[in-house]
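Chemist: File name target-v4.txt; file contents compact mmCIF, C-alpha atoms (C1' of nucleotides); full text below.
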```
# COMPACT_ATOMS: atom_id res chain seq x y z
CA MET M 1 55.92 121.55 150.61
CA ASP M 2 56.39 120.31 154.12
CA LEU M 3 58.90 117.67 155.10
CA SER M 4 57.45 116.07 158.18
CA CYS M 5 59.46 114.45 160.90
CA LYS M 6 57.86 111.13 160.04
CA SER M 7 58.96 111.20 156.42
CA GLU M 8 62.45 112.30 157.32
CA TYR M 9 62.86 109.53 159.88
CA ALA M 10 61.57 106.98 157.40
CA LEU M 11 63.93 108.16 154.69
CA LEU M 12 66.93 108.19 157.01
CA ALA M 13 66.13 104.62 157.99
CA LEU M 14 65.68 103.53 154.39
CA LEU M 15 68.97 105.15 153.40
CA GLU M 16 70.64 103.13 156.13
CA LEU M 17 69.05 99.97 154.77
CA ALA M 18 70.09 100.95 151.26
CA ASP M 19 73.70 101.26 152.40
CA ARG M 20 73.73 97.70 153.69
CA HIS M 21 71.61 96.26 150.93
CA SER M 22 74.48 94.48 149.16
CA GLN M 23 75.22 92.23 152.12
CA ASN M 24 71.76 90.95 152.85
CA GLU M 25 71.73 90.52 156.57
CA PRO M 26 68.92 92.45 158.26
CA LEU M 27 69.42 95.65 160.22
CA GLN M 28 67.61 96.14 163.51
CA ILE M 29 65.50 99.04 164.63
CA ARG M 30 67.81 99.74 167.54
CA GLN M 31 70.85 100.04 165.31
CA ILE M 32 69.16 102.39 162.86
CA ALA M 33 67.78 104.45 165.71
CA ALA M 34 71.19 104.69 167.32
CA ILE M 35 72.97 105.68 164.12
CA GLN M 36 70.47 108.33 163.07
CA SER M 37 69.39 109.42 166.56
CA ILE M 38 65.77 108.51 166.06
CA PRO M 39 63.50 107.48 168.98
CA ASP M 40 63.39 103.73 168.48
CA ARG M 41 59.80 103.11 169.57
CA TYR M 42 58.67 105.73 167.07
CA LEU M 43 60.82 104.35 164.28
CA GLU M 44 59.27 100.98 164.93
CA GLN M 45 55.86 102.30 163.90
CA LEU M 46 57.24 103.88 160.77
CA LEU M 47 58.99 100.70 159.68
CA ALA M 48 55.78 98.78 160.29
CA THR M 49 54.03 101.17 157.93
CA LEU M 50 56.74 100.75 155.33
CA ARG M 51 56.44 97.01 155.64
CA ARG M 52 52.68 97.08 155.06
CA SER M 53 53.35 99.15 151.96
CA GLY M 54 55.76 96.53 150.71
CA LEU M 55 58.84 98.73 150.75
CA VAL M 56 60.74 96.71 153.37
CA ARG M 57 60.65 93.14 154.57
CA SER M 58 61.10 92.11 158.18
CA GLN M 59 62.60 89.13 159.88
CA ARG M 60 61.29 88.40 163.34
CA GLY M 61 63.11 86.82 166.23
CA ALA M 62 66.76 86.83 167.14
CA LYS M 63 69.12 88.08 164.46
CA GLY M 64 66.08 89.61 162.82
CA GLY M 65 65.55 93.10 161.50
CA TYR M 66 64.66 94.84 158.28
CA VAL M 67 65.85 94.74 154.69
CA LEU M 68 64.73 96.62 151.61
CA ALA M 69 62.06 94.75 149.68
CA ARG M 70 63.43 96.12 146.39
CA GLU M 71 66.66 97.46 145.00
CA PRO M 72 67.54 100.98 146.20
CA TRP M 73 67.17 102.36 142.68
CA LYS M 74 63.66 100.99 142.41
CA ILE M 75 62.28 102.89 145.42
CA THR M 76 61.31 106.48 144.75
CA LEU M 77 60.97 109.20 147.35
CA LEU M 78 57.35 109.61 146.33
CA GLU M 79 56.58 106.03 147.25
CA VAL M 80 58.12 106.52 150.66
CA VAL M 81 56.28 109.70 151.49
CA GLU M 82 52.99 108.34 150.20
CA SER M 83 53.41 105.25 152.30
CA ILE M 84 54.31 107.18 155.43
CA GLU M 85 52.13 110.22 155.09
CA GLY M 86 49.17 108.09 154.11
CA THR M 87 47.99 108.89 150.61
CA ASP M 88 44.37 109.06 151.66
CA SER M 89 43.00 107.59 148.48
CA GLN M 90 39.69 109.30 149.16
CA GLN M 91 40.05 113.01 149.68
CA VAL M 92 36.38 113.41 148.84
CA GLU M 93 34.65 116.34 150.43
CA THR M 94 37.21 117.50 152.89
CA HIS M 95 36.28 120.99 151.74
CA ARG M 96 32.66 122.04 151.42
CA SER M 97 33.27 124.25 148.40
CA ALA M 98 34.18 121.32 146.19
CA LYS M 99 31.14 121.80 144.02
CA THR M 100 31.25 125.53 143.39
CA LEU M 101 33.01 126.77 140.28
CA GLU M 102 35.43 128.88 142.29
CA GLY M 103 36.31 125.93 144.49
CA MET M 104 36.94 123.77 141.46
CA VAL M 105 39.35 126.12 139.71
CA ILE M 106 41.21 126.66 142.98
CA ARG M 107 41.45 122.94 143.56
CA GLU M 108 42.66 122.34 140.03
CA ALA M 109 45.50 124.79 140.50
CA TRP M 110 46.51 123.03 143.69
CA GLN M 111 46.28 119.69 141.98
CA GLU M 112 48.68 120.92 139.32
CA ALA M 113 51.08 122.23 141.95
CA GLY M 114 50.93 118.95 143.82
CA ASP M 115 51.58 117.00 140.67
CA ALA M 116 54.65 119.13 139.97
CA ALA M 117 56.00 118.42 143.43
CA ASP M 118 55.23 114.72 143.12
CA ALA M 119 57.07 114.58 139.81
CA VAL M 120 60.22 115.79 141.54
CA LEU M 121 59.89 113.27 144.35
CA GLN M 122 59.24 110.51 141.87
CA LYS M 123 62.37 111.08 139.85
CA TYR M 124 64.63 110.59 142.88
CA THR M 125 65.34 107.15 144.26
CA LEU M 126 67.05 105.99 147.43
CA GLN M 127 70.06 105.20 145.28
CA ASP M 128 70.19 108.78 144.03
CA LEU M 129 70.33 110.11 147.56
CA THR M 130 73.02 107.73 148.75
CA GLU M 131 75.13 108.50 145.69
CA LYS M 132 74.73 112.21 146.19
CA ARG M 133 75.70 111.82 149.82
CA ASN M 134 78.71 109.69 148.97
CA SER M 135 80.04 112.08 146.39
CA ARG M 136 79.68 114.91 148.86
CA GLN M 137 81.48 112.95 151.52
CA GLN M 138 84.28 112.45 149.04
CA LEU M 139 84.41 116.20 148.58
CA ASP M 140 84.66 116.76 152.31
CA LEU M 141 87.68 114.48 152.48
CA MET M 142 89.37 116.39 149.67
CA TYR M 143 88.97 119.62 151.55
CA TYR M 144 90.23 117.97 154.70
CA ILE M 145 93.50 117.07 152.99
CA MET X 1 50.62 119.67 148.35
CA ASP X 2 47.93 120.49 150.83
CA LEU X 3 45.26 123.12 150.26
CA SER X 4 44.31 124.30 153.72
CA CYS X 5 40.95 125.67 154.62
CA LYS X 6 42.58 129.00 155.39
CA SER X 7 44.09 129.40 151.93
CA GLU X 8 40.90 128.32 150.24
CA TYR X 9 38.81 130.81 152.18
CA ALA X 10 41.28 133.58 151.45
CA LEU X 11 41.28 132.80 147.74
CA LEU X 12 37.51 132.62 147.54
CA ALA X 13 37.32 136.02 149.20
CA LEU X 14 39.95 137.49 146.89
CA LEU X 15 38.16 136.13 143.84
CA GLU X 16 35.04 137.88 145.04
CA LEU X 17 36.99 141.11 145.40
CA ALA X 18 38.50 140.59 141.96
CA ASP X 19 35.04 140.29 140.45
CA ARG X 20 34.02 143.68 141.80
CA HIS X 21 37.37 145.33 141.24
CA SER X 22 36.22 147.40 138.24
CA GLN X 23 33.66 149.34 140.27
CA ASN X 24 35.78 150.40 143.21
CA GLU X 25 33.41 150.42 146.09
CA PRO X 26 34.52 148.21 148.97
CA LEU X 27 33.03 144.82 149.75
CA GLN X 28 32.28 143.90 153.35
CA ILE X 29 33.31 140.80 155.26
CA ARG X 30 29.69 139.86 155.88
CA GLN X 31 28.84 139.96 152.20
CA ILE X 32 31.79 137.83 151.18
CA ALA X 33 31.10 135.40 154.00
CA ALA X 34 27.46 135.13 152.98
CA ILE X 35 28.21 134.58 149.29
CA GLN X 36 30.90 131.97 149.83
CA SER X 37 29.52 130.44 153.03
CA ILE X 38 32.57 131.25 155.11
CA PRO X 39 32.39 131.84 158.90
CA ASP X 40 32.63 135.60 159.01
CA ARG X 41 34.66 135.99 162.21
CA TYR X 42 37.23 133.63 160.77
CA LEU X 43 37.31 135.38 157.42
CA GLU X 44 37.94 138.61 159.28
CA GLN X 45 41.27 137.28 160.53
CA LEU X 46 42.28 136.09 157.11
CA LEU X 47 41.51 139.44 155.50
CA ALA X 48 43.48 141.17 158.25
CA THR X 49 46.45 139.00 157.35
CA LEU X 50 46.05 139.78 153.66
CA ARG X 51 45.91 143.47 154.54
CA ARG X 52 49.17 143.31 156.51
CA SER X 53 50.75 141.63 153.51
CA GLY X 54 49.59 144.47 151.30
CA LEU X 55 47.31 142.38 149.10
CA VAL X 56 44.10 144.17 150.05
CA ARG X 57 43.24 147.58 151.43
CA SER X 58 40.54 148.22 153.99
CA GLN X 59 38.18 151.07 154.65
CA ARG X 60 36.95 151.36 158.21
CA GLY X 61 33.67 152.73 159.40
CA ALA X 62 30.24 152.73 157.80
CA LYS X 63 30.16 151.84 154.10
CA GLY X 64 33.62 150.40 154.59
CA GLY X 65 35.01 147.07 153.49
CA TYR X 66 37.85 145.65 151.45
CA VAL X 67 39.26 146.19 147.99
CA LEU X 68 42.17 144.61 146.18
CA ALA X 69 45.35 146.60 146.65
CA ARG X 70 46.52 145.66 143.15
CA GLU X 71 45.00 144.63 139.84
CA PRO X 72 43.73 141.03 139.79
CA TRP X 73 46.32 140.03 137.22
CA LYS X 74 49.11 141.29 139.47
CA ILE X 75 48.32 139.02 142.39
CA THR X 76 49.63 135.47 142.13
CA LEU X 77 48.33 132.47 144.01
CA LEU X 78 51.76 132.05 145.54
CA GLU X 79 51.60 135.47 147.13
CA VAL X 80 48.25 134.65 148.65
CA VAL X 81 49.25 131.33 150.11
CA GLU X 82 52.53 132.69 151.44
CA SER X 83 50.71 135.53 153.10
CA ILE X 84 48.08 133.32 154.64
CA GLU X 85 50.06 130.24 155.46
CA GLY X 86 52.68 132.32 157.16
CA THR X 87 56.03 132.48 155.44
CA ASP X 88 57.58 131.04 158.56
CA SER X 89 60.70 133.16 158.73
CA GLN X 90 62.47 130.76 161.03
CA GLN X 91 62.65 127.23 159.75
CA VAL X 92 66.08 126.98 161.29
CA GLU X 93 66.62 123.75 163.15
CA THR X 94 63.10 122.45 163.12
CA HIS X 95 64.74 119.15 162.32
CA ARG X 96 67.74 117.99 164.26
CA SER X 97 69.30 116.23 161.33
CA ALA X 98 69.89 119.45 159.43
CA LYS X 99 73.62 119.08 159.69
CA THR X 100 74.08 115.46 158.71
CA LEU X 101 74.83 114.64 155.10
CA GLU X 102 71.75 112.44 154.81
CA GLY X 103 69.55 115.15 156.22
CA MET X 104 70.93 117.66 153.76
CA VAL X 105 70.33 115.61 150.61
CA ILE X 106 66.83 114.80 151.80
CA ARG X 107 66.09 118.44 152.50
CA GLU X 108 67.45 119.46 149.12
CA ALA X 109 65.09 117.10 147.36
CA TRP X 110 62.18 118.55 149.28
CA GLN X 111 63.34 122.04 148.49
CA GLU X 112 63.30 121.19 144.81
CA ALA X 113 59.82 119.70 145.07
CA GLY X 114 58.57 122.77 146.92
CA ASP X 115 60.09 125.05 144.31
CA ALA X 116 58.31 123.13 141.57
CA ALA X 117 55.00 123.54 143.34
CA ASP X 118 55.65 127.22 143.98
CA ALA X 119 56.40 127.78 140.31
CA VAL X 120 52.95 126.52 139.43
CA LEU X 121 51.25 128.71 142.02
CA GLN X 122 53.26 131.69 140.85
CA LYS X 123 52.21 131.46 137.23
CA TYR X 124 48.50 131.72 138.12
CA THR X 125 46.91 135.03 139.08
CA LEU X 126 43.50 135.88 140.48
CA GLN X 127 42.58 137.03 137.00
CA ASP X 128 43.44 133.62 135.58
CA LEU X 129 41.10 131.91 138.01
CA THR X 130 38.18 134.26 137.41
CA GLU X 131 38.59 133.90 133.66
CA LYS X 132 38.73 130.15 133.90
CA ARG X 133 35.62 130.16 136.04
CA ASN X 134 33.78 132.51 133.70
CA SER X 135 34.56 130.47 130.60
CA ARG X 136 33.37 127.38 132.38
CA GLN X 137 30.19 129.09 133.46
CA GLN X 138 29.66 130.00 129.82
CA LEU X 139 30.03 126.36 128.98
CA ASP X 140 27.44 125.35 131.56
CA LEU X 141 24.95 127.73 129.96
CA MET X 142 25.57 126.25 126.54
CA TYR X 143 24.83 122.79 127.81
CA TYR X 144 21.73 124.11 129.54
CA ILE X 145 20.37 125.39 126.22
C1' DA S 1 63.27 72.94 175.81
C1' DT S 2 64.69 77.07 177.29
C1' DT S 3 66.27 81.55 176.72
C1' DA S 4 67.66 85.71 174.65
C1' DT S 5 66.58 88.56 170.89
C1' DA S 6 63.99 90.74 167.87
C1' DT S 7 59.57 92.25 165.68
C1' DC S 8 54.48 92.94 166.29
C1' DC S 9 50.32 95.11 168.20
C1' DC S 10 47.60 97.97 171.08
C1' DG S 11 47.08 101.70 173.73
C1' DG S 12 47.96 106.24 176.15
C1' DT S 13 50.10 111.08 176.55
C1' DT S 14 51.63 115.48 175.55
C1' DC S 15 51.93 119.17 172.44
C1' DT S 16 50.91 122.05 168.67
C1' DC S 17 48.11 123.81 165.08
C1' DC S 18 43.78 124.55 162.69
C1' DA S 19 39.13 126.13 162.44
C1' DC S 20 36.19 128.77 164.80
C1' DT S 21 33.89 131.81 168.44
C1' DG S 22 33.44 135.92 171.57
C1' DG S 23 34.18 140.34 173.73
C1' DG S 24 35.22 144.30 173.44
C1' DG S 25 37.50 148.79 171.10
C1' DT S 26 38.11 152.16 167.17
C1' DT S 27 37.07 154.54 162.93
C1' DT S 28 33.79 156.62 159.72
C1' DG S 29 29.61 158.01 157.07
C1' DT S 30 24.91 159.90 157.81
C1' DA T 1 24.89 160.99 168.22
C1' DC T 2 24.58 156.63 166.19
C1' DA T 3 25.04 152.75 163.60
C1' DA T 4 27.92 150.36 160.55
C1' DA T 5 31.92 148.54 159.58
C1' DC T 6 36.79 147.15 160.67
C1' DC T 7 40.36 146.09 164.45
C1' DC T 8 42.56 143.43 168.22
C1' DC T 9 43.06 139.97 171.62
C1' DA T 10 41.84 135.90 173.81
C1' DG T 11 39.90 131.28 174.29
C1' DT T 12 37.92 126.53 172.85
C1' DG T 13 37.47 121.88 170.68
C1' DG T 14 39.14 118.58 167.79
C1' DA T 15 42.77 116.32 165.14
C1' DG T 16 47.10 114.90 164.22
C1' DA T 17 52.15 114.60 165.24
C1' DA T 18 55.65 112.75 168.12
C1' DC T 19 56.42 110.09 171.39
C1' DC T 20 56.45 106.15 175.39
C1' DG T 21 55.06 101.57 177.52
C1' DG T 22 53.35 96.92 178.09
C1' DG T 23 52.92 92.93 176.69
C1' DA T 24 52.37 89.00 172.82
C1' DT T 25 54.67 86.46 169.16
C1' DA T 26 58.27 84.52 166.28
C1' DT T 27 62.98 82.83 165.75
C1' DA T 28 68.00 81.71 166.38
C1' DA T 29 71.29 80.00 169.53
C1' DT T 30 72.28 77.30 173.60
```
Could I get this structure in the form of structure tokens?
Modeler:
Amino acid sequence: MDLSCKSEYALLALLELADRHSQNEPLQIRQIAAIQSIPDRYLEQLLATLRRSGLVRSQRGAKGGYVLAREPWKITLLEVVESIEGTDSQQVETHRSAKTLEGMVIREAWQEAGDAADAVLQKYTLQDLTEKRNSRQQLDLMYYI
Amino acid sequence: MDLSCKSEYALLALLELADRHSQNEPLQIRQIAAIQSIPDRYLEQLLATLRRSGLVRSQRGAKGGYVLAREPWKITLLEVVESIEGTDSQQVETHRSAKTLEGMVIREAWQEAGDAADAVLQKYTLQDLTEKRNSRQQLDLMYYI
DNA sequence: ATTATATCCCGGTTCTCCACTGGGGTTTGT
DNA sequence: ACAAACCCCAGTGGAGAACCGGGATATAAT
């Protein structure tokens, strides 16, 4: 299971949006990029993809930016990665051995493995990650004292 | 979960070796490549990798070829894919956000997803695949009659 | 209205990896 | 000796990832 740079950037940005979701004033690309040290022109493309997938909404013009389109607990990690990584709905015939019996049993095993991974990514939401981060930050403070 | 061409080729070759594992005369690259329609010079590299991982043994010279190093039910799909795909020993700092709290929780989720996928690939052996293929071939014959 | 501020859209660039090819060299059975 | 196989190293073409840049467009504030 590979975590690509794209997906990580997108998730970091979405976590930032999730943090500020209660006050609903938009957050700009530049700010997110600065906070998370992401190249801003690259992040722009990722946010555009997320917008087309309906995960974020954008406000153009001055004082514009991005906000989550849904509540942080209603956005799963699977949705994010499928939006970003492009869930090529047609994976027909990328391999030539799709029709042989051997190819089919192999592909079925991989399908099952992929489904198992997807199940994990589907059970976690943006909210879950922010909560986990917050509780860990709390722990760091305790050790600091 | 992505099934690369490399892993698929390697598995097809290993399934072929598993088929002929009872009679223990080696099978040549050319034969495997011809049966499964794999570019032979490419398959050569993959088999070399599998040999270095200890999954197959090779016999050089005339009448040489490859045989499974272990019984087909003692080789899991996970071993194969880890051998082929390169168990990249250094994944240290491929991402710069490895030390931030957000980066850590994200990476942990991905770790869990990867583990889930690995568990599936580990429970299947070469034997399992050949048996599944054989039973399905049996089924095809029944429908043919 | 004008301007500053943001997103939007299109393209190019560099880099790495995958799939594949080629040229030899080495081992082994006949 | 000789042919049949594996062995090793090196290169190529295409695709995608990770960027960067130049404008066009929409919007809030003046």
Chemist: Quick one: chain M onto chain X, least squares on all Cα paired in order, result as an mmCIF file with C-alpha atoms, in the coordinates of the input?
Modeler:
```
data_model
loop_
_atom_site.group_PDB
_atom_site.id
_atom_site.type_symbol
_atom_site.label_atom_id
_atom_site.label_comp_id
_atom_site.auth_asym_id
_atom_site.auth_seq_id
_atom_site.Cartn_x
_atom_site.Cartn_y
_atom_site.Cartn_z
ATOM 1 C CA MET M 1 50.526 119.608 148.501
ATOM 2 C CA ASP M 2 47.826 120.473 150.960
ATOM 3 C CA LEU M 3 45.182 123.092 150.346
ATOM 4 C CA SER M 4 44.201 124.282 153.777
ATOM 5 C CA CYS M 5 40.838 125.676 154.679
ATOM 6 C CA LYS M 6 42.476 129.000 155.448
ATOM 7 C CA SER M 7 44.013 129.375 152.010
ATOM 8 C CA GLU M 8 40.831 128.330 150.282
ATOM 9 C CA TYR M 9 38.736 130.816 152.238
ATOM 10 C CA ALA M 10 41.229 133.567 151.505
ATOM 11 C CA LEU M 11 41.264 132.792 147.803
ATOM 12 C CA LEU M 12 37.481 132.633 147.577
ATOM 13 C CA ALA M 13 37.301 136.037 149.228
ATOM 14 C CA LEU M 14 39.950 137.496 146.947
ATOM 15 C CA LEU M 15 38.176 136.135 143.876
ATOM 16 C CA GLU M 16 35.048 137.911 145.053
ATOM 17 C CA LEU M 17 37.011 141.131 145.423
ATOM 18 C CA ALA M 18 38.558 140.588 142.006
ATOM 19 C CA ASP M 19 35.097 140.306 140.467
ATOM 20 C CA ARG M 20 34.087 143.701 141.807
ATOM 21 C CA HIS M 21 37.435 145.345 141.284
ATOM 22 C CA SER M 22 36.351 147.428 138.280
ATOM 23 C CA GLN M 23 33.766 149.368 140.262
ATOM 24 C CA ASN M 24 35.853 150.414 143.211
ATOM 25 C CA GLU M 25 33.427 150.430 146.064
ATOM 26 C CA PRO M 26 34.524 148.210 148.952
ATOM 27 C CA LEU M 27 32.995 144.838 149.740
ATOM 28 C CA GLN M 28 32.233 143.914 153.332
ATOM 29 C CA ILE M 29 33.213 140.822 155.229
ATOM 30 C CA ARG M 30 29.593 139.904 155.822
ATOM 31 C CA GLN M 31 28.765 139.979 152.132
ATOM 32 C CA ILE M 32 31.739 137.843 151.142
ATOM 33 C CA ALA M 33 31.002 135.427 153.950
ATOM 34 C CA ALA M 34 27.382 135.154 152.901
ATOM 35 C CA ILE M 35 28.168 134.598 149.232
ATOM 36 C CA GLN M 36 30.851 131.977 149.787
ATOM 37 C CA SER M 37 29.431 130.465 152.986
ATOM 38 C CA ILE M 38 32.457 131.272 155.077
ATOM 39 C CA PRO M 39 32.223 131.878 158.861
ATOM 40 C CA ASP M 40 32.481 135.653 158.973
ATOM 41 C CA ARG M 41 34.457 135.998 162.203
ATOM 42 C CA TYR M 42 37.051 133.624 160.780
ATOM 43 C CA LEU M 43 37.194 135.391 157.438
ATOM 44 C CA GLU M 44 37.804 138.601 159.310
ATOM 45 C CA GLN M 45 41.108 137.260 160.621
ATOM 46 C CA LEU M 46 42.174 136.093 157.201
ATOM 47 C CA LEU M 47 41.435 139.445 155.592
ATOM 48 C CA ALA M 48 43.385 141.149 158.359
ATOM 49 C CA THR M 49 46.347 138.962 157.471
ATOM 50 C CA LEU M 50 45.981 139.779 153.799
ATOM 51 C CA ARG M 51 45.854 143.446 154.641
ATOM 52 C CA ARG M 52 49.078 143.283 156.655
ATOM 53 C CA SER M 53 50.681 141.596 153.667
ATOM 54 C CA GLY M 54 49.570 144.436 151.446
ATOM 55 C CA LEU M 55 47.305 142.376 149.220
ATOM 56 C CA VAL M 56 44.075 144.174 150.164
ATOM 57 C CA ARG M 57 43.214 147.583 151.516
ATOM 58 C CA SER M 58 40.474 148.228 154.040
ATOM 59 C CA GLN M 59 38.108 151.064 154.662
ATOM 60 C CA ARG M 60 36.808 151.353 158.190
ATOM 61 C CA GLY M 61 33.480 152.681 159.340
ATOM 62 C CA ALA M 62 30.127 152.724 157.635
ATOM 63 C CA LYS M 63 30.145 151.876 153.948
ATOM 64 C CA GLY M 64 33.576 150.410 154.537
ATOM 65 C CA GLY M 65 34.980 147.067 153.509
ATOM 66 C CA TYR M 66 37.828 145.656 151.487
ATOM 67 C CA VAL M 67 39.270 146.200 148.032
ATOM 68 C CA LEU M 68 42.206 144.624 146.249
ATOM 69 C CA ALA M 69 45.409 146.581 146.755
ATOM 70 C CA ARG M 70 46.579 145.640 143.244
ATOM 71 C CA GLU M 71 45.100 144.598 139.945
ATOM 72 C CA PRO M 72 43.793 141.007 139.880
ATOM 73 C CA TRP M 73 46.429 140.008 137.333
ATOM 74 C CA LYS M 74 49.203 141.251 139.575
ATOM 75 C CA ILE M 75 48.356 138.976 142.521
ATOM 76 C CA THR M 76 49.672 135.443 142.257
ATOM 77 C CA LEU M 77 48.340 132.442 144.125
ATOM 78 C CA LEU M 78 51.759 131.995 145.681
ATOM 79 C CA GLU M 79 51.595 135.417 147.269
ATOM 80 C CA VAL M 80 48.223 134.620 148.762
ATOM 81 C CA VAL M 81 49.200 131.294 150.235
ATOM 82 C CA GLU M 82 52.474 132.648 151.569
ATOM 83 C CA SER M 83 50.660 135.503 153.209
ATOM 84 C CA ILE M 84 48.012 133.280 154.751
ATOM 85 C CA GLU M 85 50.005 130.207 155.585
ATOM 86 C CA GLY M 86 52.796 132.306 157.021
ATOM 87 C CA THR M 87 56.008 131.847 155.082
ATOM 88 C CA ASP M 88 58.065 131.411 158.215
ATOM 89 C CA SER M 89 61.119 133.163 156.891
ATOM 90 C CA GLN M 90 63.246 131.251 159.374
ATOM 91 C CA GLN M 91 62.784 127.525 159.118
ATOM 92 C CA VAL M 92 66.123 127.066 160.843
ATOM 93 C CA GLU M 93 66.510 123.909 162.840
ATOM 94 C CA THR M 94 63.014 122.594 162.882
ATOM 95 C CA HIS M 95 64.609 119.216 162.242
ATOM 96 C CA ARG M 96 67.597 118.056 164.252
ATOM 97 C CA SER M 97 69.199 116.219 161.348
ATOM 98 C CA ALA M 98 69.837 119.410 159.422
ATOM 99 C CA LYS M 99 73.572 119.044 159.730
ATOM 100 C CA THR M 100 74.051 115.414 158.774
ATOM 101 C CA LEU M 101 74.804 114.598 155.158
ATOM 102 C CA GLU M 102 71.746 112.384 154.849
ATOM 103 C CA GLY M 103 69.524 115.108 156.247
ATOM 104 C CA MET M 104 70.941 117.613 153.805
ATOM 105 C CA VAL M 105 70.358 115.573 150.660
ATOM 106 C CA ILE M 106 66.837 114.755 151.834
ATOM 107 C CA ARG M 107 66.126 118.395 152.523
ATOM 108 C CA GLU M 108 67.494 119.430 149.155
ATOM 109 C CA ALA M 109 65.139 117.065 147.380
ATOM 110 C CA TRP M 110 62.220 118.504 149.304
ATOM 111 C CA GLN M 111 63.376 121.999 148.543
ATOM 112 C CA GLU M 112 63.350 121.171 144.847
ATOM 113 C CA ALA M 113 59.871 119.681 145.103
ATOM 114 C CA GLY M 114 58.629 122.727 146.964
ATOM 115 C CA ASP M 115 60.118 125.037 144.396
ATOM 116 C CA ALA M 116 58.341 123.127 141.630
ATOM 117 C CA ALA M 117 55.031 123.509 143.418
ATOM 118 C CA ASP M 118 55.666 127.185 144.098
ATOM 119 C CA ALA M 119 56.432 127.765 140.432
ATOM 120 C CA VAL M 120 52.970 126.505 139.536
ATOM 121 C CA LEU M 121 51.281 128.685 142.134
ATOM 122 C CA GLN M 122 53.282 131.671 141.007
ATOM 123 C CA LYS M 123 52.259 131.459 137.386
ATOM 124 C CA TYR M 124 48.551 131.707 138.233
ATOM 125 C CA THR M 125 46.973 135.001 139.182
ATOM 126 C CA LEU M 126 43.562 135.876 140.567
ATOM 127 C CA GLN M 127 42.660 137.023 137.078
ATOM 128 C CA ASP M 128 43.524 133.611 135.661
ATOM 129 C CA LEU M 129 41.165 131.908 138.066
ATOM 130 C CA THR M 130 38.258 134.254 137.463
ATOM 131 C CA GLU M 131 38.694 133.914 133.707
ATOM 132 C CA LYS M 132 38.819 130.158 133.933
ATOM 133 C CA ARG M 133 35.698 130.187 136.061
ATOM 134 C CA ASN M 134 33.892 132.522 133.693
ATOM 135 C CA SER M 135 34.670 130.488 130.628
ATOM 136 C CA ARG M 136 33.442 127.391 132.400
ATOM 137 C CA GLN M 137 30.264 129.120 133.432
ATOM 138 C CA GLN M 138 29.748 130.007 129.801
ATOM 139 C CA LEU M 139 30.102 126.339 128.957
ATOM 140 C CA ASP M 140 27.498 125.383 131.525
ATOM 141 C CA LEU M 141 25.012 127.756 129.931
ATOM 142 C CA MET M 142 25.648 126.239 126.511
ATOM 143 C CA TYR M 143 24.853 122.808 127.824
ATOM 144 C CA TYR M 144 21.775 124.153 129.542
ATOM 145 C CA ILE M 145 20.384 125.372 126.224
#
```
Chemist: Identify every residue of chain X that has at least one atom within 10 Å of any atom of chain T, counting all atoms listed in the file, and report the result as a PyMOL selection string.
Modeler: chain X and resi 28-30+44-45+48+58-66
Chemist: Could you check how far atom CA of Val120 of chain X sits from atom CA of Ser7 of chain M, in Å to one decimal?
Modeler: 23.7 Å
Chemist: When you get a sec, could you note down which chain M residues fall within 6 Å of chain X, using all atoms listed in the file, as a VMD selection string?
Modeler: chain M and resid 1 113 to 114 116 to 117 120
Chemist: Give me the chain S side of the contact with chain X, cut-off 6 Å, one line per residue showing its nearest atom pair and distance in Å at one decimal, counting only C-alpha atoms (C1' of nucleotides), sorted by chain and residue number, as CSV.
Modeler:
```
residue,atom,partner,partner_atom,distance
S:DT27,C1',X:Gly61,CA,5.2
S:DT28,C1',X:Gly61,CA,3.9
S:DG29,C1',X:Ala62,CA,5.4
```
Chemist: Quote the spacing between atom CA of Gln31 of chain X and atom CA of Arg51 of chain X in Å to one decimal place.
Modeler: 17.6 Å
Chemist: Can you work out the spacing between atom CA of Pro26 of chain M and atom CA of Leu68 of chain M in Å, to one decimal?
Modeler: 8.9 Å
Chemist: Mind listing whatever residues come within 10 Å of the point (42.4, 140.1, 142.8)? Use all atoms listed in the file, file coordinates, and give them as a short mmCIF file (atom, residue, chain, number, x, y, z; two decimals) with C-alpha atoms, in the frame of the given file.
Modeler:
```cif
data_model
loop_
_atom_site.label_atom_id
_atom_site.label_comp_id
_atom_site.auth_asym_id
_atom_site.auth_seq_id
_atom_site.Cartn_x
_atom_site.Cartn_y
_atom_site.Cartn_z
CA LEU X 11 41.28 132.80 147.74
CA ALA X 13 37.32 136.02 149.20
CA LEU X 14 39.95 137.49 146.89
CA LEU X 15 38.16 136.13 143.84
CA GLU X 16 35.04 137.88 145.04
CA LEU X 17 36.99 141.11 145.40
CA ALA X 18 38.50 140.59 141.96
CA ASP X 19 35.04 140.29 140.45
CA ARG X 20 34.02 143.68 141.80
CA HIS X 21 37.37 145.33 141.24
CA LEU X 55 47.31 142.38 149.10
CA VAL X 56 44.10 144.17 150.05
CA VAL X 67 39.26 146.19 147.99
CA LEU X 68 42.17 144.61 146.18
CA ALA X 69 45.35 146.60 146.65
CA ARG X 70 46.52 145.66 143.15
CA GLU X 71 45.00 144.63 139.84
CA PRO X 72 43.73 141.03 139.79
CA TRP X 73 46.32 140.03 137.22
CA LYS X 74 49.11 141.29 139.47
CA ILE X 75 48.32 139.02 142.39
CA THR X 76 49.63 135.47 142.13
CA LEU X 77 48.33 132.47 144.01
CA VAL X 80 48.25 134.65 148.65
CA THR X 125 46.91 135.03 139.08
CA LEU X 126 43.50 135.88 140.48
CA GLN X 127 42.58 137.03 137.00
CA ASP X 128 43.44 133.62 135.58
CA LEU X 129 41.10 131.91 138.01
CA THR X 130 38.18 134.26 137.41
#
```
